[in-house]
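Have a look at data_9.cif below; it lists mmCIF, C-alpha atoms.
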```cif
data_query
#
loop_
_atom_site.label_atom_id
_atom_site.label_comp_id
_atom_site.auth_asym_id
_atom_site.auth_seq_id
_atom_site.Cartn_x
_atom_site.Cartn_y
_atom_site.Cartn_z
CA MET C 1 14.41 43.88 9.72
CA TYR C 2 10.86 44.03 8.39
CA LEU C 3 10.58 40.55 7.03
CA VAL C 4 10.77 37.74 9.55
CA ARG C 5 12.23 34.50 8.33
CA LEU C 6 9.21 32.35 7.76
CA THR C 7 10.67 29.35 9.51
CA CYS C 8 10.02 31.18 12.75
CA VAL C 9 6.35 30.35 12.37
CA GLY C 10 7.00 26.85 11.14
CA VAL C 11 5.41 27.02 7.72
CA LEU C 12 6.99 26.23 4.37
CA LEU C 13 4.59 26.90 1.54
CA ALA C 14 7.01 25.52 -0.97
CA GLY C 15 5.34 22.19 -0.47
CA ILE C 16 2.08 23.63 -1.74
CA LEU C 17 3.34 23.60 -5.26
CA GLY C 18 3.30 19.80 -5.32
CA TRP C 19 4.77 19.58 -8.80
CA GLN C 20 6.60 16.33 -8.25
CA GLY C 21 5.00 12.95 -8.82
CA ALA C 22 2.80 11.74 -6.00
CA ALA C 23 4.91 9.87 -3.47
CA ALA C 24 3.53 6.92 -1.56
CA GLN C 25 1.38 8.22 1.30
CA GLN C 26 1.37 6.15 4.46
CA GLY C 27 -0.68 6.24 7.60
CA GLY C 28 0.74 6.11 11.09
CA ASP C 29 0.79 2.31 10.89
CA GLY C 30 3.01 2.38 7.78
CA ARG C 31 0.24 1.34 5.39
CA LEU C 32 -1.35 3.29 2.57
CA LYS C 33 -4.20 5.39 3.90
CA GLU C 34 -6.86 6.71 1.55
CA VAL C 35 -9.38 9.16 3.01
CA GLN C 36 -12.73 10.57 1.93
CA LEU C 37 -13.37 14.31 1.83
CA GLY C 38 -16.43 16.53 1.85
CA LYS C 39 -17.84 17.64 -1.48
CA THR C 40 -16.48 21.19 -1.20
CA ALA C 41 -12.92 20.36 -0.09
CA PHE C 42 -11.69 19.57 -3.61
CA THR C 43 -13.76 20.58 -6.63
CA VAL C 44 -13.13 19.99 -10.32
CA GLY C 45 -13.77 22.19 -13.33
CA ASP C 46 -14.27 25.50 -11.51
CA PRO C 47 -13.70 28.66 -13.57
CA VAL C 48 -10.60 30.74 -12.89
CA SER C 49 -11.18 33.61 -10.43
CA PHE C 50 -11.55 37.17 -11.68
CA TRP C 51 -8.24 38.31 -10.19
CA VAL C 52 -6.11 35.74 -12.03
CA ASP C 53 -4.07 37.16 -14.92
CA GLN C 54 -3.72 34.33 -17.43
CA LEU C 55 -0.67 33.92 -19.65
CA PRO C 56 -0.20 32.09 -22.95
CA ILE C 57 2.12 29.09 -22.97
CA PRO C 58 5.42 30.02 -24.65
CA GLU C 59 6.21 28.16 -27.85
CA THR C 60 9.32 25.97 -28.05
CA THR C 61 11.10 23.48 -30.27
CA SER C 62 13.39 22.30 -27.48
CA THR C 63 14.32 18.62 -27.41
CA GLN C 64 15.63 18.65 -23.83
CA PRO C 65 14.20 15.82 -21.69
CA ILE C 66 12.00 18.08 -19.53
CA VAL C 67 11.11 21.69 -20.27
CA VAL C 68 8.87 23.80 -18.05
CA ARG C 69 7.16 26.00 -20.61
CA LEU C 70 5.29 28.04 -17.98
CA ALA C 71 5.41 28.21 -14.17
CA ASP C 72 3.04 30.83 -12.80
CA THR C 73 2.30 31.57 -9.13
CA GLN C 74 -0.20 34.23 -8.08
CA HIS C 75 -1.16 35.26 -4.53
CA PHE C 76 -4.23 37.38 -3.80
CA LEU C 77 -4.56 38.74 -0.25
CA GLY C 78 -7.59 40.94 -0.73
CA ARG C 79 -10.20 38.71 0.87
CA SER C 80 -10.88 37.28 4.29
CA PHE C 81 -8.90 34.23 3.22
CA PRO C 82 -5.89 34.39 0.89
CA ASP C 83 -5.97 32.70 -2.50
CA LEU C 84 -3.04 30.99 -4.18
CA HIS C 85 -3.29 30.24 -7.90
CA LEU C 86 -0.77 27.93 -9.53
CA ARG C 87 -0.30 26.92 -13.13
CA ARG C 88 2.41 24.79 -14.69
CA ALA C 89 2.84 23.57 -18.26
CA THR C 90 5.59 20.96 -18.71
CA LEU C 91 6.89 19.51 -21.97
CA VAL C 92 8.04 15.87 -21.72
CA ASN C 93 10.53 14.65 -24.33
CA ASP C 94 12.00 11.83 -22.24
CA PRO C 95 10.23 8.42 -22.25
CA ALA C 96 11.62 7.66 -18.79
CA SER C 97 9.86 10.74 -17.39
CA LEU C 98 6.38 9.98 -18.67
CA THR C 99 5.23 8.22 -15.50
CA ALA C 100 6.29 11.11 -13.29
CA ALA C 101 4.79 13.65 -15.69
CA GLY C 102 1.43 11.92 -15.48
CA ARG C 103 1.30 12.06 -11.69
CA ILE C 104 0.53 15.32 -9.92
CA SER C 105 0.39 15.96 -6.16
CA ILE C 106 -1.58 18.78 -4.53
CA PRO C 107 -1.12 18.85 -0.74
CA PHE C 108 -3.62 20.80 1.38
CA ALA C 109 -5.40 20.82 4.74
CA PRO C 110 -9.11 20.17 4.12
CA GLU C 111 -10.01 21.40 7.60
CA TYR C 112 -9.38 25.01 6.54
CA GLU C 113 -8.31 24.95 2.86
CA ARG C 114 -10.28 24.43 -0.34
CA VAL C 115 -8.84 23.41 -3.70
CA LYS C 116 -10.39 24.28 -7.04
CA LEU C 117 -8.91 22.27 -9.90
CA HIS C 118 -9.53 24.43 -12.96
CA TRP C 119 -8.14 22.21 -15.66
CA ILE C 120 -5.78 19.44 -16.70
CA ARG C 121 -4.92 19.68 -20.39
CA VAL C 122 -2.60 17.67 -22.56
CA HIS C 123 -1.24 19.59 -25.56
CA ARG C 124 -0.12 17.30 -28.38
CA GLY C 125 1.05 19.18 -31.45
CA ARG C 126 -1.90 21.31 -32.53
CA GLU C 127 -4.36 19.16 -30.58
CA GLN C 128 -5.54 19.72 -27.04
CA PHE C 129 -7.12 17.05 -24.80
CA ASP C 130 -9.10 17.91 -21.67
CA ARG C 131 -8.26 15.45 -18.89
CA THR C 132 -9.85 17.44 -16.08
CA THR C 133 -12.69 15.02 -15.39
CA THR C 134 -11.13 11.81 -16.70
CA SER C 135 -8.02 11.83 -14.52
CA ASN C 136 -8.03 9.55 -11.48
CA ILE C 137 -7.94 11.51 -8.20
CA ARG C 138 -7.28 9.88 -4.83
CA TYR C 139 -6.96 11.58 -1.46
CA LEU C 140 -4.07 10.15 0.51
CA GLN C 141 -2.88 10.92 4.01
CA ARG C 142 0.31 10.31 5.91
CA GLU C 143 0.85 11.58 9.43
CA GLN C 144 4.62 11.58 9.77
CA ASP C 145 4.71 12.92 13.32
CA LEU C 146 2.08 10.77 15.03
CA GLU C 147 4.73 9.13 17.16
CA ARG C 148 5.53 12.62 18.51
CA GLY C 149 1.89 13.34 19.26
CA MET C 150 1.52 15.76 16.32
CA TYR C 151 -1.38 15.61 13.89
CA SER C 152 -1.52 17.96 10.88
CA GLY C 153 -4.59 16.68 9.03
CA ARG C 154 -2.93 17.42 5.69
CA VAL C 155 -4.06 15.43 2.68
CA THR C 156 -2.49 14.98 -0.74
CA ALA C 157 -4.69 14.90 -3.81
CA SER C 158 -2.83 12.38 -5.96
CA ILE C 159 -3.82 12.79 -9.61
CA LEU C 160 -3.05 10.19 -12.28
CA ILE C 161 -3.35 11.53 -15.84
CA ASP C 162 -3.97 8.94 -18.51
CA ASP C 163 -2.27 8.68 -21.90
CA VAL C 164 0.71 11.03 -21.63
CA ARG C 165 3.10 10.59 -24.55
CA VAL C 166 6.56 11.79 -25.55
CA GLY C 167 6.28 15.33 -26.88
CA ASP C 168 3.16 16.14 -24.85
CA THR C 169 2.80 19.22 -22.69
CA VAL C 170 0.91 18.66 -19.42
CA ASP C 171 -0.88 21.86 -18.39
CA ILE C 172 -2.52 22.04 -14.94
CA ALA C 173 -4.05 24.98 -13.07
CA TYR C 174 -5.65 25.13 -9.63
CA THR C 175 -6.36 27.52 -6.77
CA VAL C 176 -5.98 26.94 -3.02
CA THR C 177 -8.10 29.12 -0.70
CA GLY C 178 -7.76 29.43 3.07
CA ARG C 179 -5.15 29.48 5.79
CA SER C 180 -4.63 27.98 9.20
CA PRO C 181 -6.77 29.87 11.73
CA VAL C 182 -3.89 29.75 14.19
CA PHE C 183 -2.25 32.65 12.31
CA GLY C 184 -5.27 34.94 12.51
CA ASP C 185 -5.32 37.60 9.81
CA LYS C 186 -1.57 37.57 9.13
CA ALA C 187 -0.55 36.62 5.61
CA PHE C 188 2.82 35.15 4.70
CA GLY C 189 4.30 32.64 2.30
CA LEU C 190 7.16 31.63 0.08
CA SER C 191 7.60 30.33 -3.44
CA PRO C 192 10.64 28.68 -5.07
CA TRP C 193 11.87 30.51 -8.13
CA GLU C 194 14.00 27.99 -10.01
CA GLN C 195 12.04 24.95 -11.18
CA GLY C 196 14.86 22.41 -11.50
CA ALA C 197 14.30 21.91 -15.22
CA PRO C 198 14.90 24.60 -17.87
CA THR C 199 11.99 27.06 -17.75
CA LEU C 200 10.79 29.24 -20.60
CA ARG C 201 8.82 31.63 -18.39
CA ARG C 202 8.58 31.97 -14.60
CA ARG C 203 6.26 34.47 -12.98
CA PHE C 204 5.31 35.31 -9.39
CA VAL C 205 2.55 37.84 -8.63
CA LEU C 206 1.63 39.20 -5.20
CA SER C 207 -1.57 41.29 -5.05
CA TYR C 208 -3.01 42.94 -1.93
CA PRO C 209 -4.83 46.12 -0.83
CA ALA C 210 -2.47 49.08 -0.98
CA GLY C 211 -3.15 49.90 2.67
CA ARG C 212 -1.71 46.62 3.96
CA LYS C 213 1.97 46.42 4.88
CA VAL C 214 3.47 43.37 3.22
CA ALA C 215 7.23 42.96 2.94
CA TRP C 216 9.03 40.69 0.50
CA ARG C 217 12.55 39.58 -0.27
CA VAL C 218 14.41 37.18 -2.53
CA VAL C 219 16.49 34.58 -0.67
CA GLY C 220 19.31 32.54 -2.19
CA ASP C 221 23.01 31.88 -1.54
CA ARG C 222 24.17 31.11 -5.07
CA PRO C 223 25.48 34.15 -7.02
CA MET C 224 22.64 34.95 -9.43
CA PRO C 225 21.36 37.99 -11.29
CA ALA C 226 19.10 40.17 -9.13
CA LEU C 227 15.36 39.64 -9.37
CA THR C 228 13.71 43.05 -9.70
CA PRO C 229 9.90 43.19 -9.69
CA THR C 230 7.54 45.70 -11.24
CA GLU C 231 5.01 47.38 -8.96
CA THR C 232 1.65 48.88 -9.88
CA ILE C 233 -1.42 50.15 -7.99
CA GLN C 234 -4.80 49.95 -9.65
CA ALA C 235 -8.24 50.26 -8.04
CA GLY C 236 -6.58 50.23 -4.61
CA ILE C 237 -4.75 46.95 -5.22
CA ARG C 238 -0.96 46.84 -5.15
CA ARG C 239 0.49 44.31 -7.57
CA ILE C 240 4.12 43.15 -7.33
CA THR C 241 5.25 41.04 -10.27
CA PHE C 242 8.44 39.04 -10.73
CA ASP C 243 8.83 37.82 -14.31
CA GLU C 244 11.83 36.11 -15.90
CA GLN C 245 12.28 34.28 -19.19
CA PRO C 246 14.00 32.01 -19.77
CA LEU C 247 15.62 30.31 -16.74
CA ARG C 248 18.29 27.67 -17.01
CA GLY C 249 17.81 24.41 -15.17
CA LEU C 250 19.34 24.13 -11.70
CA PRO C 251 19.08 20.54 -10.46
CA SER C 252 19.42 19.98 -6.74
CA GLU C 253 22.85 19.05 -5.43
CA ALA C 254 23.51 16.33 -2.89
CA MET C 255 25.49 16.86 0.33
CA THR C 256 24.97 20.63 0.50
CA ALA C 257 24.78 22.26 3.92
CA PRO C 258 21.20 22.48 5.23
CA ASP C 259 21.46 26.26 5.66
CA PHE C 260 22.70 26.82 2.08
CA PHE C 261 19.97 27.88 -0.35
CA SER C 262 21.28 26.77 -3.72
CA THR C 263 18.20 28.08 -5.52
CA ARG C 264 16.26 31.26 -4.99
CA PHE C 265 12.85 31.66 -3.43
CA ILE C 266 10.60 34.63 -2.73
CA GLN C 267 9.32 35.33 0.78
CA PHE C 268 6.52 37.67 1.79
CA SER C 269 5.13 38.41 5.24
CA GLU C 270 2.93 40.74 7.29
CA PHE C 271 4.93 39.98 10.43
CA ALA C 272 6.86 43.22 10.80
CA ASP C 273 9.53 42.08 13.28
CA TRP C 274 10.22 39.60 16.08
CA SER C 275 8.03 41.51 18.54
CA ASP C 276 5.17 41.13 16.08
CA VAL C 277 5.73 37.37 16.06
CA VAL C 278 5.83 37.34 19.87
CA GLY C 279 2.58 39.29 20.00
CA TRP C 280 0.97 36.69 17.76
CA ALA C 281 2.33 33.69 19.68
CA ILE C 282 1.77 34.69 23.33
CA PRO C 283 -2.02 34.20 23.35
CA LEU C 284 -1.53 30.65 22.07
CA PHE C 285 0.31 29.70 25.27
CA GLU C 286 -1.60 31.66 27.88
CA THR C 287 -3.28 29.56 30.56
CA ALA C 288 -5.47 30.52 33.47
CA PRO C 289 -3.96 29.70 36.89
CA PRO C 290 -5.74 26.85 38.69
CA GLN C 291 -8.21 27.95 41.35
CA GLY C 292 -9.67 26.33 44.43
CA SER C 293 -8.58 24.72 47.66
CA GLU C 294 -7.66 21.40 46.06
CA PHE C 295 -4.85 23.02 44.03
CA GLN C 296 -3.64 25.01 47.01
CA SER C 297 -3.53 21.88 49.16
CA VAL C 298 -1.30 20.19 46.55
CA VAL C 299 1.01 23.23 46.55
CA ASN C 300 1.19 23.19 50.35
#
```
Entire entry expressed as structure tokens:
Amino acid sequence: MYLVRLTCVGVLLAGILGWQGAAAQQGGDGRLKEVQLGKTAFTVGDPVSFWVDQLPIPETTSTQPIVVRLADTQHFLGRSFPDLHLRRATLVNDPASLTAAGRISIPFAPEYERVKLHWIRVHRGREQFDRTTTSNIRYLQREQDLERGMYSGRVTASILIDDVRVGDTVDIAYTVTGRSPVFGDKAFGLSPWEQGAPTLRRRFVLSYPAGRKVAWRVVGDRPMPALTPTETIQAGIRRITFDEQPLRGLPSEAMTAPDFFSTRFIQFSEFADWSDVVGWAIPLFETAPPQGSEFQSVVN
């Protein structure tokens, strides 16, 4: 089996999407903890990178409470550090959902990741309002595993967008660059396919040098039509594209078994098999044997 289940390395990139409203972030003492970051950890108004293929937002006259007009995920593995570009445009027709629609969460690890917020736009009829620099951004931290002696250093950029009204479309795009150095040069990730709400267009793009061996698969336990990507090679870059329009809404169900994947997600990995994972992990746990007479006296 070429693709190793990504849970074997303990990383779930699904959380990187951060599309839900910002939840309360607490420190280890149970209180809200706001942190300060360096100037380059989270930047605002950066232009979109050259490798990003931009899409128009599909038109709609839908009156459903929430409609995801566009959900676009693009991975680029051609550099020293991988890039992940995300864009989501959500139409809000439900007054009760306005608060959640105006709150965006972007989780990341500032120690080794950088976030470039390209834009926040509010589309209202034929008008467009740029909220990129006027939105309130706070950096919140919650270490959930401090009591177990585990510290992740992850931070959530909690963004509050002002003046979101019924009928508005909130359009946000950003790029996350970097990966944990513990994984060396191995690239892997996952992305949920269904978005919960009805979606007009969903796209996932994986781009990498044609000489690299990257495996992918679609995971999901619910009977669904097969997702078949298109594959192209141009200028030495292999591009795998999943594209579906439209998708019906699939809200999460309570009381499902933890090992049942009710919605689909796409995995990709450069870990070829379990021996490849072992080869990566062994150096992390190697220790030099103690030397000297003091140690030997304790043994004796």
Matched chain/residue IDs from the PyMOL selection byres ((chain C and resi 199-216) around 8), as a short mmCIF file (atom, residue, chain, number, x, y, z; two decimals) with C-alpha atoms, in the frame of the given file:
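Result file follows (result27.cif):
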```
data_model
loop_
_atom_site.label_atom_id
_atom_site.label_comp_id
_atom_site.auth_asym_id
_atom_site.auth_seq_id
_atom_site.Cartn_x
_atom_site.Cartn_y
_atom_site.Cartn_z
CA TYR C 2 10.86 44.03 8.39
CA LEU C 3 10.58 40.55 7.03
CA PRO C 58 5.42 30.02 -24.65
CA VAL C 67 11.11 21.69 -20.27
CA VAL C 68 8.87 23.80 -18.05
CA ARG C 69 7.16 26.00 -20.61
CA LEU C 70 5.29 28.04 -17.98
CA ALA C 71 5.41 28.21 -14.17
CA ASP C 72 3.04 30.83 -12.80
CA THR C 73 2.30 31.57 -9.13
CA GLN C 74 -0.20 34.23 -8.08
CA HIS C 75 -1.16 35.26 -4.53
CA PHE C 76 -4.23 37.38 -3.80
CA LEU C 77 -4.56 38.74 -0.25
CA GLY C 78 -7.59 40.94 -0.73
CA TRP C 193 11.87 30.51 -8.13
CA GLN C 195 12.04 24.95 -11.18
CA ALA C 197 14.30 21.91 -15.22
CA PRO C 198 14.90 24.60 -17.87
CA ARG C 217 12.55 39.58 -0.27
CA VAL C 218 14.41 37.18 -2.53
CA ILE C 233 -1.42 50.15 -7.99
CA GLY C 236 -6.58 50.23 -4.61
CA ILE C 237 -4.75 46.95 -5.22
CA ARG C 238 -0.96 46.84 -5.15
CA ARG C 239 0.49 44.31 -7.57
CA ILE C 240 4.12 43.15 -7.33
CA THR C 241 5.25 41.04 -10.27
CA PHE C 242 8.44 39.04 -10.73
CA ASP C 243 8.83 37.82 -14.31
CA GLU C 244 11.83 36.11 -15.90
CA GLN C 245 12.28 34.28 -19.19
CA PRO C 246 14.00 32.01 -19.77
CA LEU C 247 15.62 30.31 -16.74
CA ARG C 248 18.29 27.67 -17.01
CA GLY C 249 17.81 24.41 -15.17
CA ILE C 266 10.60 34.63 -2.73
CA GLN C 267 9.32 35.33 0.78
CA PHE C 268 6.52 37.67 1.79
CA SER C 269 5.13 38.41 5.24
CA GLU C 270 2.93 40.74 7.29
CA ALA C 272 6.86 43.22 10.80
#
```
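The residues returned by the PyMOL selection byres ((chain C and resi 158) around 7) for this structure are Ala22, Ile104, Ser105, Ile106, Ile137, Arg138, Tyr139, Leu140, Thr156, Ala157, Ile159 and Leu160 of chain C.
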At a cut-off of 12 Å, using all atoms listed in the file, what residues contact C:Gly184? Leave out same-chain residues fewer than 3 positions from it and give the result as a ChimeraX atom specification. /C:80-82,178-181,187-188,270-271,277,279-281,283-284
Kindly export the residues of the current selection with C-alpha atoms, as a short mmCIF file (atom, residue, chain, number, x, y, z; two decimals), in the frame of the given file.
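Full text of result-v8.cif as output:
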```cif
data_model
loop_
_atom_site.label_atom_id
_atom_site.label_comp_id
_atom_site.auth_asym_id
_atom_site.auth_seq_id
_atom_site.Cartn_x
_atom_site.Cartn_y
_atom_site.Cartn_z
CA SER C 80 -10.88 37.28 4.29
CA PHE C 81 -8.90 34.23 3.22
CA PRO C 82 -5.89 34.39 0.89
CA GLY C 178 -7.76 29.43 3.07
CA ARG C 179 -5.15 29.48 5.79
CA SER C 180 -4.63 27.98 9.20
CA PRO C 181 -6.77 29.87 11.73
CA ALA C 187 -0.55 36.62 5.61
CA PHE C 188 2.82 35.15 4.70
CA GLU C 270 2.93 40.74 7.29
CA PHE C 271 4.93 39.98 10.43
CA VAL C 277 5.73 37.37 16.06
CA GLY C 279 2.58 39.29 20.00
CA TRP C 280 0.97 36.69 17.76
CA ALA C 281 2.33 33.69 19.68
CA PRO C 283 -2.02 34.20 23.35
CA LEU C 284 -1.53 30.65 22.07
#
```
Check the smallest atom-to-atom distance from each of C:Arg264, C:Lys39, C:Arg103, C:Lys33 to C:Gln141 using all atoms listed in the file, then report the winner. C:Lys33
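Minimum distance to C:Gly189 across C:Trp119, C:Trp51, C:Tyr151, C:Phe265 (counting all atoms listed in the file) occurs at C:Phe265.
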Can you tell me, as a PyMOL selection string, what residues are no more than 8 Å from C:Ala101 when counting all atoms listed in the file, ignoring any on the same chain fewer than 4 positions away? chain C and resi 21+90+92+97+164+170
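Considering all atoms listed in the file, the residue among C:Arg88, C:Thr287, C:Val48, C:Leu37 positioned nearest to C:Val122 is C:Arg88.
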Given all atoms listed in the file as the counted atoms, nearest of C:Leu117, C:Val176, C:Val299, C:Ile66 to C:Ala100: C:Ile66
Given all atoms listed in the file as the counted atoms, nearest of C:Phe108, C:Tyr174, C:Phe129, C:Phe183 to C:Ala41: C:Phe108
Please write the residues picked by the PyMOL selection byres ((chain C and resi 263) around 7) on this file as a PDB file with C-alpha atoms, keeping the file's coordinate frame.
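Result went into result_36.pdb, see below:
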```
ATOM      1  CA  GLU C 194      14.000  27.990 -10.010  1.00  0.00           C
ATOM      2  CA  GLY C 220      19.310  32.540  -2.190  1.00  0.00           C
ATOM      3  CA  ARG C 222      24.170  31.110  -5.070  1.00  0.00           C
ATOM      4  CA  PHE C 261      19.970  27.880  -0.350  1.00  0.00           C
ATOM      5  CA  SER C 262      21.280  26.770  -3.720  1.00  0.00           C
ATOM      6  CA  ARG C 264      16.260  31.260  -4.990  1.00  0.00           C
ATOM      7  CA  PHE C 265      12.850  31.660  -3.430  1.00  0.00           C
TER       8      PHE C 265
END
```
